[in-house]
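So this one's upload.cif, mmCIF, C-alpha atoms:
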```cif
data_my_file
#
loop_
_atom_site.label_atom_id
_atom_site.label_comp_id
_atom_site.auth_asym_id
_atom_site.auth_seq_id
_atom_site.Cartn_x
_atom_site.Cartn_y
_atom_site.Cartn_z
CA MET E 20 -52.74 8.21 -3.32
CA GLU E 21 -50.73 11.13 -1.95
CA ASP E 22 -52.03 10.51 1.57
CA LEU E 23 -51.17 6.83 1.22
CA VAL E 24 -47.63 7.62 0.15
CA ARG E 25 -47.16 10.08 3.00
CA ALA E 26 -48.47 7.55 5.53
CA ALA E 27 -46.23 4.82 4.11
CA GLN E 28 -43.27 7.20 4.30
CA ARG E 29 -44.01 7.58 8.00
CA GLY E 30 -43.73 3.80 8.34
CA ASP E 31 -47.43 2.99 8.76
CA PRO E 32 -47.57 -0.73 7.91
CA GLU E 33 -51.21 -0.58 6.79
CA ALA E 34 -50.33 2.17 4.34
CA MET E 35 -47.24 0.28 3.16
CA ASP E 36 -49.35 -2.80 2.45
CA ALA E 37 -52.08 -0.73 0.81
CA LEU E 38 -49.47 0.88 -1.43
CA VAL E 39 -48.21 -2.56 -2.46
CA ARG E 40 -51.76 -3.63 -3.31
CA ALA E 41 -52.40 -0.47 -5.28
CA LEU E 42 -49.19 -0.76 -7.30
CA MET E 43 -49.38 -4.54 -7.75
CA PRO E 44 -51.13 -4.66 -11.16
CA TYR E 45 -48.69 -2.24 -12.74
CA VAL E 46 -45.55 -3.65 -11.15
CA GLY E 47 -46.67 -7.20 -11.98
CA ARG E 48 -47.09 -6.29 -15.62
CA VAL E 49 -43.66 -4.65 -15.93
CA CYS E 50 -41.82 -7.33 -13.95
CA GLY E 51 -43.58 -10.26 -15.60
CA ALA E 52 -42.81 -9.16 -19.12
CA ILE E 53 -39.15 -8.42 -18.37
CA ALA E 54 -38.21 -11.11 -15.85
CA LEU E 55 -40.53 -13.83 -17.26
CA ASP E 56 -40.25 -16.96 -15.09
CA ARG E 57 -38.66 -14.91 -12.34
CA GLY E 58 -41.37 -12.27 -12.53
CA ASP E 59 -42.66 -13.02 -9.05
CA ASP E 60 -39.15 -12.62 -7.59
CA ALA E 61 -38.78 -9.34 -9.46
CA VAL E 62 -42.08 -8.11 -8.05
CA GLN E 63 -40.98 -8.92 -4.50
CA GLU E 64 -37.57 -7.28 -4.96
CA THR E 65 -39.21 -4.23 -6.52
CA PHE E 66 -41.56 -3.70 -3.60
CA ILE E 67 -38.78 -4.18 -1.05
CA ALA E 68 -36.70 -1.57 -2.88
CA VAL E 69 -39.70 0.77 -3.21
CA LEU E 70 -40.60 0.64 0.48
CA LYS E 71 -37.00 0.85 1.68
CA SER E 72 -36.31 3.99 -0.31
CA LEU E 73 -39.77 5.56 -0.19
CA GLY E 74 -38.49 8.30 2.08
CA ALA E 75 -36.41 9.61 -0.83
CA LEU E 76 -39.52 10.26 -2.92
CA ARG E 77 -40.17 13.95 -2.31
CA GLU E 78 -43.14 14.37 -4.62
CA PRO E 79 -45.82 11.66 -4.29
CA ALA E 80 -47.22 12.66 -7.69
CA ALA E 81 -44.04 11.24 -9.21
CA LEU E 82 -44.69 7.83 -7.64
CA LYS E 83 -45.55 5.85 -10.77
CA GLY E 84 -42.51 6.94 -12.74
CA TRP E 85 -40.28 6.37 -9.74
CA VAL E 86 -41.69 2.88 -9.17
CA ARG E 87 -41.37 2.13 -12.90
CA ARG E 88 -37.64 2.84 -12.80
CA ILE E 89 -37.19 0.54 -9.83
CA ALA E 90 -39.30 -2.21 -11.40
CA VAL E 91 -37.30 -2.10 -14.64
CA ARG E 92 -33.99 -2.11 -12.77
CA GLU E 93 -34.96 -4.98 -10.47
CA SER E 94 -36.52 -7.02 -13.29
CA ILE E 95 -33.42 -6.78 -15.45
CA ARG E 96 -31.23 -7.62 -12.45
CA VAL E 97 -33.36 -10.60 -11.42
CA ALA E 98 -33.53 -11.81 -15.04
CA GLY E 99 -29.74 -11.77 -15.15
CA GLY E 100 -29.53 -8.98 -17.69
CA ARG E 101 -26.70 -6.61 -18.14
CA THR E 102 -26.83 -3.11 -16.79
CA VAL E 103 -29.31 -0.82 -18.49
CA THR E 104 -26.61 1.69 -19.30
CA MET E 105 -24.83 -0.54 -21.80
CA ASP E 106 -24.51 0.32 -25.47
CA PRO E 107 -27.71 -0.96 -27.09
CA ASP E 108 -25.97 -1.80 -30.33
CA THR E 109 -23.98 -4.44 -28.54
CA LEU E 110 -27.15 -6.24 -27.51
CA PRO E 111 -27.24 -9.43 -29.49
CA LEU E 112 -30.44 -10.65 -31.07
CA PRO E 113 -30.60 -14.25 -29.91
CA GLU E 114 -30.48 -16.90 -32.58
CA VAL E 115 -33.80 -18.71 -32.71
CA PRO E 116 -34.00 -21.96 -34.62
CA PRO E 117 -36.54 -21.97 -37.46
CA ALA E 118 -38.65 -24.54 -35.66
CA ASP E 119 -39.04 -22.13 -32.76
CA ILE E 120 -39.99 -19.30 -35.07
CA ALA E 121 -42.69 -21.45 -36.58
CA THR E 122 -44.22 -22.01 -33.18
CA SER E 123 -43.59 -18.57 -31.82
CA LEU E 124 -47.24 -17.82 -31.19
CA ASP E 125 -46.29 -18.48 -27.63
CA ILE E 126 -45.66 -15.00 -26.31
CA ARG E 127 -43.54 -16.18 -23.45
CA ALA E 128 -41.24 -18.08 -25.78
CA THR E 129 -41.01 -15.08 -28.05
CA LEU E 130 -40.13 -12.78 -25.18
CA ALA E 131 -37.65 -15.30 -23.82
CA ALA E 132 -35.72 -15.08 -27.09
CA LEU E 133 -34.99 -11.42 -26.35
CA ALA E 134 -32.54 -9.96 -23.87
CA PRO E 135 -34.13 -8.52 -20.69
CA GLU E 136 -33.18 -5.00 -21.84
CA GLN E 137 -35.04 -5.55 -25.11
CA ARG E 138 -38.08 -6.83 -23.26
CA ALA E 139 -37.98 -3.73 -21.09
CA ILE E 140 -38.09 -1.52 -24.18
CA LEU E 141 -41.04 -3.41 -25.63
CA VAL E 142 -43.00 -3.25 -22.41
CA LEU E 143 -42.40 0.41 -21.72
CA ARG E 144 -42.70 1.72 -25.25
CA ASP E 145 -45.30 -0.49 -26.85
CA VAL E 146 -47.35 -1.98 -24.06
CA ASP E 147 -47.14 0.73 -21.40
CA GLY E 148 -47.36 3.39 -24.12
CA LEU E 149 -44.53 5.60 -22.84
CA SER E 150 -42.83 8.17 -25.03
CA GLU E 151 -39.20 7.70 -25.97
CA ALA E 152 -38.28 10.39 -23.46
CA GLU E 153 -40.18 8.60 -20.69
CA VAL E 154 -38.54 5.28 -21.56
CA ALA E 155 -35.16 7.00 -21.52
CA LEU E 156 -35.88 8.30 -18.04
CA ALA E 157 -37.09 4.92 -16.80
CA MET E 158 -34.01 3.12 -18.14
CA ARG E 159 -31.55 5.93 -17.42
CA VAL E 160 -30.26 6.02 -20.99
CA PRO E 161 -30.24 8.78 -23.66
CA VAL E 162 -33.28 9.14 -25.93
CA GLY E 163 -31.17 8.18 -28.94
CA THR E 164 -30.33 4.93 -27.22
CA VAL E 165 -34.01 4.23 -26.70
CA LYS E 166 -34.73 4.82 -30.38
CA SER E 167 -32.09 2.44 -31.63
CA ARG E 168 -32.81 -0.15 -29.00
CA ALA E 169 -36.56 0.03 -29.60
CA HIS E 170 -36.03 -0.43 -33.32
CA ARG E 171 -33.96 -3.54 -32.76
CA ALA E 172 -36.33 -4.90 -30.12
CA ARG E 173 -39.38 -4.40 -32.31
CA ALA E 174 -37.66 -5.94 -35.27
CA ALA E 175 -36.69 -8.91 -33.17
CA PHE E 176 -40.15 -9.26 -31.71
CA ARG E 177 -41.94 -8.79 -35.01
CA GLY E 178 -39.64 -11.25 -36.72
CA ARG E 179 -40.45 -13.86 -34.16
CA TRP E 180 -44.10 -13.03 -33.67
CA GLN E 181 -44.94 -12.62 -37.35
CA PRO E 182 -42.40 -14.80 -39.15
CA MET O 12 -52.61 0.40 -27.20
CA SER O 13 -49.84 -1.59 -28.75
CA ARG O 14 -48.28 0.01 -31.77
CA LEU O 15 -47.22 -3.44 -32.89
CA GLY O 16 -50.61 -4.96 -32.39
CA MET O 17 -49.09 -7.08 -29.68
CA PRO O 18 -51.21 -8.80 -27.09
CA THR O 19 -51.91 -7.07 -23.81
CA PRO O 20 -50.90 -8.49 -20.45
CA ASP O 21 -54.49 -9.62 -20.13
CA ASN O 22 -54.35 -11.91 -23.10
CA GLY O 23 -51.06 -13.63 -22.92
CA TRP O 24 -48.23 -11.50 -21.63
CA PRO O 25 -46.53 -12.88 -18.53
CA VAL O 26 -47.60 -11.02 -15.42
CA GLY O 27 -45.66 -11.18 -12.14
CA SER O 28 -47.49 -11.49 -8.86
CA LEU O 29 -46.97 -11.51 -5.13
CA ASP O 30 -48.62 -14.24 -3.11
CA PRO O 31 -49.56 -13.63 0.55
CA ILE O 32 -46.20 -15.01 1.74
CA GLY O 33 -44.32 -12.66 -0.59
CA ARG O 34 -46.46 -9.76 0.53
CA ALA O 35 -45.61 -10.48 4.16
CA LYS O 36 -41.90 -10.82 3.29
CA VAL O 37 -41.95 -7.37 1.72
CA LEU O 38 -43.18 -5.91 5.00
CA ALA O 39 -40.73 -8.01 7.01
CA ALA O 40 -37.84 -6.72 4.89
CA THR O 41 -38.80 -3.10 5.31
CA ILE O 42 -39.90 -2.78 8.95
CA PRO O 43 -36.71 -2.64 11.05
CA SER O 44 -37.93 -4.56 14.10
CA ALA O 45 -39.84 -7.20 12.11
CA ALA O 46 -39.07 -10.84 12.80
CA PHE O 47 -40.74 -13.73 11.05
CA HIS O 48 -40.83 -17.50 10.92
CA HIS O 49 -41.66 -19.15 7.62
CA GLY O 50 -42.24 -22.85 7.18
CA VAL O 51 -44.62 -25.61 6.26
CA ILE O 52 -47.39 -26.80 8.55
CA ASP O 53 -48.38 -30.39 8.09
CA ALA O 54 -52.10 -29.73 7.85
CA PRO O 55 -54.36 -28.74 4.95
CA TYR O 56 -54.76 -25.08 4.10
CA ARG O 57 -58.54 -25.47 4.27
CA THR O 58 -58.13 -26.40 7.95
CA VAL O 59 -55.26 -24.12 8.96
CA TRP O 60 -56.47 -20.79 7.60
CA PRO O 61 -59.99 -20.80 9.06
CA TRP O 62 -58.55 -21.95 12.39
CA VAL O 63 -55.83 -19.29 12.70
CA THR O 64 -58.15 -16.47 11.60
CA ASP O 65 -60.67 -17.37 14.29
CA LEU O 66 -58.58 -14.99 16.34
CA GLU O 67 -60.55 -15.10 19.59
CA HIS O 68 -59.83 -18.80 19.86
CA SER O 69 -56.59 -19.32 17.96
CA THR O 70 -54.40 -16.49 19.23
CA PRO O 71 -54.44 -17.37 22.95
CA SER O 72 -53.84 -21.01 21.96
CA PHE O 73 -50.57 -20.52 20.12
CA ASP O 74 -49.31 -17.16 21.39
CA THR O 75 -48.29 -17.53 25.01
CA GLN O 76 -48.07 -13.74 25.40
CA VAL O 77 -51.79 -13.32 24.75
CA ASP O 78 -54.27 -14.09 27.51
CA LYS O 79 -57.47 -13.19 25.73
CA VAL O 80 -58.84 -11.74 22.50
CA VAL O 81 -62.25 -10.07 22.31
CA ILE O 82 -63.75 -8.94 19.01
CA HIS O 83 -65.89 -5.82 19.29
CA ARG O 84 -66.81 -5.15 15.69
CA ARG O 85 -66.79 -7.19 12.49
CA GLU O 86 -67.35 -5.82 8.98
CA VAL O 87 -67.30 -8.00 5.90
CA GLU O 88 -66.84 -6.38 2.52
CA GLY O 89 -66.48 -8.87 -0.31
CA ASP O 90 -63.46 -11.05 0.44
CA ILE O 91 -62.17 -8.73 3.17
CA THR O 92 -63.10 -8.91 6.84
CA ARG O 93 -62.24 -6.00 9.11
CA LEU O 94 -62.24 -6.38 12.86
CA ARG O 95 -61.86 -4.17 15.88
CA MET O 96 -60.62 -6.25 18.77
CA THR O 97 -58.78 -6.11 22.04
CA ALA O 98 -55.91 -8.47 22.79
CA THR O 99 -54.95 -8.72 26.44
CA SER O 100 -51.32 -9.50 27.14
CA HIS O 101 -50.10 -9.99 30.73
CA GLY O 102 -53.25 -8.25 31.91
CA VAL O 103 -52.80 -5.20 29.67
CA PRO O 104 -55.55 -4.72 27.03
CA LEU O 105 -54.41 -3.40 23.65
CA PRO O 106 -56.87 -2.38 20.91
CA PHE O 107 -56.17 -3.79 17.45
CA ARG O 108 -57.41 -3.09 13.94
CA VAL O 109 -57.48 -6.23 11.81
CA ARG O 110 -57.74 -6.92 8.09
CA ILE O 111 -58.29 -10.51 6.98
CA GLU O 112 -58.18 -11.77 3.39
CA ASP O 113 -57.76 -15.25 2.01
CA GLY O 114 -54.21 -16.11 3.07
CA PHE O 115 -53.31 -12.76 4.61
CA CYS O 116 -54.11 -11.28 8.00
CA MET O 117 -52.72 -8.02 9.39
CA MET O 118 -53.31 -6.97 13.00
CA ARG O 119 -52.18 -3.49 13.93
CA ALA O 120 -52.29 -2.27 17.52
CA GLN O 121 -53.40 1.21 18.39
CA ALA O 122 -50.65 3.83 18.03
CA ARG O 123 -48.58 1.26 16.12
CA LEU O 124 -47.46 -0.31 19.36
CA TYR O 125 -47.45 -3.76 17.77
CA LEU O 126 -47.97 -5.45 14.43
CA VAL O 127 -48.78 -9.07 13.65
CA VAL O 128 -48.99 -10.50 10.14
CA MET O 129 -49.96 -14.05 9.27
CA ALA O 130 -49.79 -15.29 5.69
CA ALA O 131 -50.48 -18.70 4.21
CA VAL O 132 -50.68 -20.47 0.86
CA PRO O 133 -51.62 -24.06 0.04
CA GLU O 134 -48.69 -26.46 -0.33
CA ASP O 135 -48.64 -29.91 -1.93
CA GLY O 136 -51.97 -29.41 -3.61
CA GLY O 137 -53.47 -27.95 -0.47
CA GLU O 138 -52.72 -30.92 1.79
CA ARG O 139 -50.10 -28.90 3.65
CA THR O 140 -49.77 -25.19 4.35
CA ARG O 141 -46.87 -22.83 3.77
CA PHE O 142 -47.19 -20.36 6.61
CA LEU O 143 -45.44 -17.17 7.67
CA HIS O 144 -45.86 -15.53 11.04
CA MET O 145 -44.42 -12.05 11.55
CA GLU O 146 -44.42 -9.63 14.44
CA ALA O 147 -42.95 -6.16 14.80
CA ILE O 148 -43.07 -2.90 16.68
CA PRO O 149 -43.48 -0.60 13.68
CA LEU O 150 -42.12 2.50 15.34
CA PRO O 151 -38.84 4.33 14.68
CA GLY O 152 -35.84 3.15 16.67
CA THR O 153 -37.22 -0.27 17.57
CA GLY O 154 -34.79 -2.30 15.42
CA PRO O 155 -32.73 -3.52 18.42
CA VAL O 156 -35.71 -5.45 19.84
CA ARG O 157 -35.85 -7.71 16.80
CA PRO O 158 -34.02 -10.65 18.47
CA LEU O 159 -36.60 -10.64 21.27
CA ILE O 160 -39.45 -10.63 18.76
CA GLN O 161 -37.74 -13.41 16.81
CA ARG O 162 -37.88 -15.65 19.89
CA GLU O 163 -41.59 -14.96 20.18
CA VAL O 164 -42.43 -15.74 16.58
CA ASP O 165 -40.31 -18.90 16.64
CA SER O 166 -42.20 -20.02 19.73
CA ASP O 167 -45.57 -19.14 18.19
CA PHE O 168 -44.75 -21.08 15.04
CA SER O 169 -43.71 -24.16 17.03
CA ASN O 170 -46.94 -24.01 18.99
CA LEU O 171 -48.91 -23.69 15.79
CA GLN O 172 -47.19 -26.71 14.30
CA ARG O 173 -47.83 -28.72 17.44
CA LEU O 174 -51.49 -27.76 17.48
CA ALA O 175 -51.82 -28.65 13.79
CA GLU O 176 -50.25 -32.06 14.37
CA SER O 177 -52.82 -32.78 17.05
CA GLY O 178 -55.67 -31.64 14.81
CA PHE O 179 -56.25 -28.23 16.43
CA PRO O 180 -57.93 -29.55 19.58
CA ASP O 181 -60.51 -27.26 21.11
CA ASP O 182 -59.16 -27.27 24.67
CA ARG O 183 -60.46 -23.85 25.61
CA PRO O 184 -61.75 -23.47 29.14
#
```

Here is the file; what I need is its structure written in the form of structure tokens.
Amino acid sequence: MEDLVRAAQRGDPEAMDALVRALMPYVGRVCGAIALDRGDDAVQETFIAVLKSLGALREPAALKGWVRRIAVRESIRVAGGRTVTMDPDTLPLPEVPPADIATSLDIRATLAALAPEQRAILVLRDVDGLSEAEVALAMRVPVGTVKSRAHRARAAFRGRWQP
Amino acid sequence: MSRLGMPTPDNGWPVGSLDPIGRAKVLAATIPSAAFHHGVIDAPYRTVWPWVTDLEHSTPSFDTQVDKVVIHRREVEGDITRLRMTATSHGVPLPFRVRIEDGFCMMRAQARLYLVVMAAVPEDGGERTRFLHMEAIPLPGTGPVRPLIQREVDSDFSNLQRLAESGFPDDRP
């Protein structure tokens, strides 16, 4: 992977495309879960941002974490979310009518009831398996913010998923 | 994996993707000299894609800058075909390395002197074809030539549309 990153940094189009293919499963998972119906747009914007700024990545070993931060940022932006540096306690838990809760076995509908920032927390912490410190780094917020936001996001998700 | 016992992306979570057109647009947005033309060709995907990726025959038909294409080596690995070929333009032969997948074809000239990408997806249930044609000189400092390349790709796309409308006639000598 390091050779691929170096070649892509030199502007080799085959390496750039190969890097996109290699990162696609991971980026697709992050962007899809955060940006939902606009997941494909978020994927495209993420890869454009990744390739445009690849020269700034000094250590290829840090690629995945660096790409993760871009994917989260672009997904929240494309989904129309607020900035990831906002106070998590001001994030509202959307009101979901009881009828929707009863049929919330649809994951997409459940995720759609959350704010993009809450979806980002769920994906990074509970699906991607990152530590609170890693989530904090990816979302550029303090660890304490991640804890409180994760608690609220999980509560919201659990309440809708397991009413 | 999930501490909440939530489903994985493989069993229900939404997963974003990048179709061949999006993949080509990513390259077009990040290679300074890249120019592309994106539109719909009024012919079925099942006709268009095999025709355009028969590079020896298709390229000289729709790209007026290419006199001849000769394939020297062909390797097929699963869904990927890799070619070594020479495209002759105005009498000058240029070696290319080619990667062809379903809906995506990248042709890179030796020493990165030129790059051609073609991407396609079925449109209207496959009866028409969304197609993107991109060309670039993927070398530093080549951004200013983009308007010239844009004229070429616009011309190539028009030729491709015209050929599709007439059923891709085989008028080779």

Which residues of chain E have any atom within 6 Å of an atom in chain O when counting all atoms listed in the file, and what is the closest pair of atoms for each, with the distance in Å to one decimal? Order the rows by chain and rising number and write it as CSV.
```
residue,atom,partner,partner_atom,distance
E:Gly47,CA,O:Gly27,CA,4.1
E:Arg48,CA,O:Val26,CA,4.8
E:Cys50,CA,O:Gly27,CA,5.7
E:Gly51,CA,O:Val26,CA,4.1
E:Ala52,CA,O:Pro25,CA,5.3
E:Gly58,CA,O:Gly27,CA,4.4
E:Asp59,CA,O:Gly27,CA,4.7
E:Ile67,CA,O:Val37,CA,5.3
E:Lys71,CA,O:Thr41,CA,5.7
E:Asp145,CA,O:Ser13,CA,5.0
E:Val146,CA,O:Ser13,CA,5.3
```

Near-segment 77-89 of chain E list (7 Å; all atoms listed in the file; drop same-chain fewer than 5 positions) as a PyMOL selection string: chain E and resi 21+24+65+69+157-158

Residue with smallest distance to Pro71 of chain O - pool O:His48, O:Val128, O:Arg162, O:Ser100, counting all atoms listed in the file: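 So, comparing all the options, the nearest one is O:Ser100.
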
d(atom CA of Ala98 of chain O, atom CA of Asp78 of chain O) in Å: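 Value for the atom CA of Ala98 of chain O-atom CA of Asp78 of chain O distance: 7.5 Å.
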
Between atom CA of Arg92 of chain E and atom CA of Leu149 of chain E - distance in Å to one decimal: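 These two atoms are separated by 16.5 Å.
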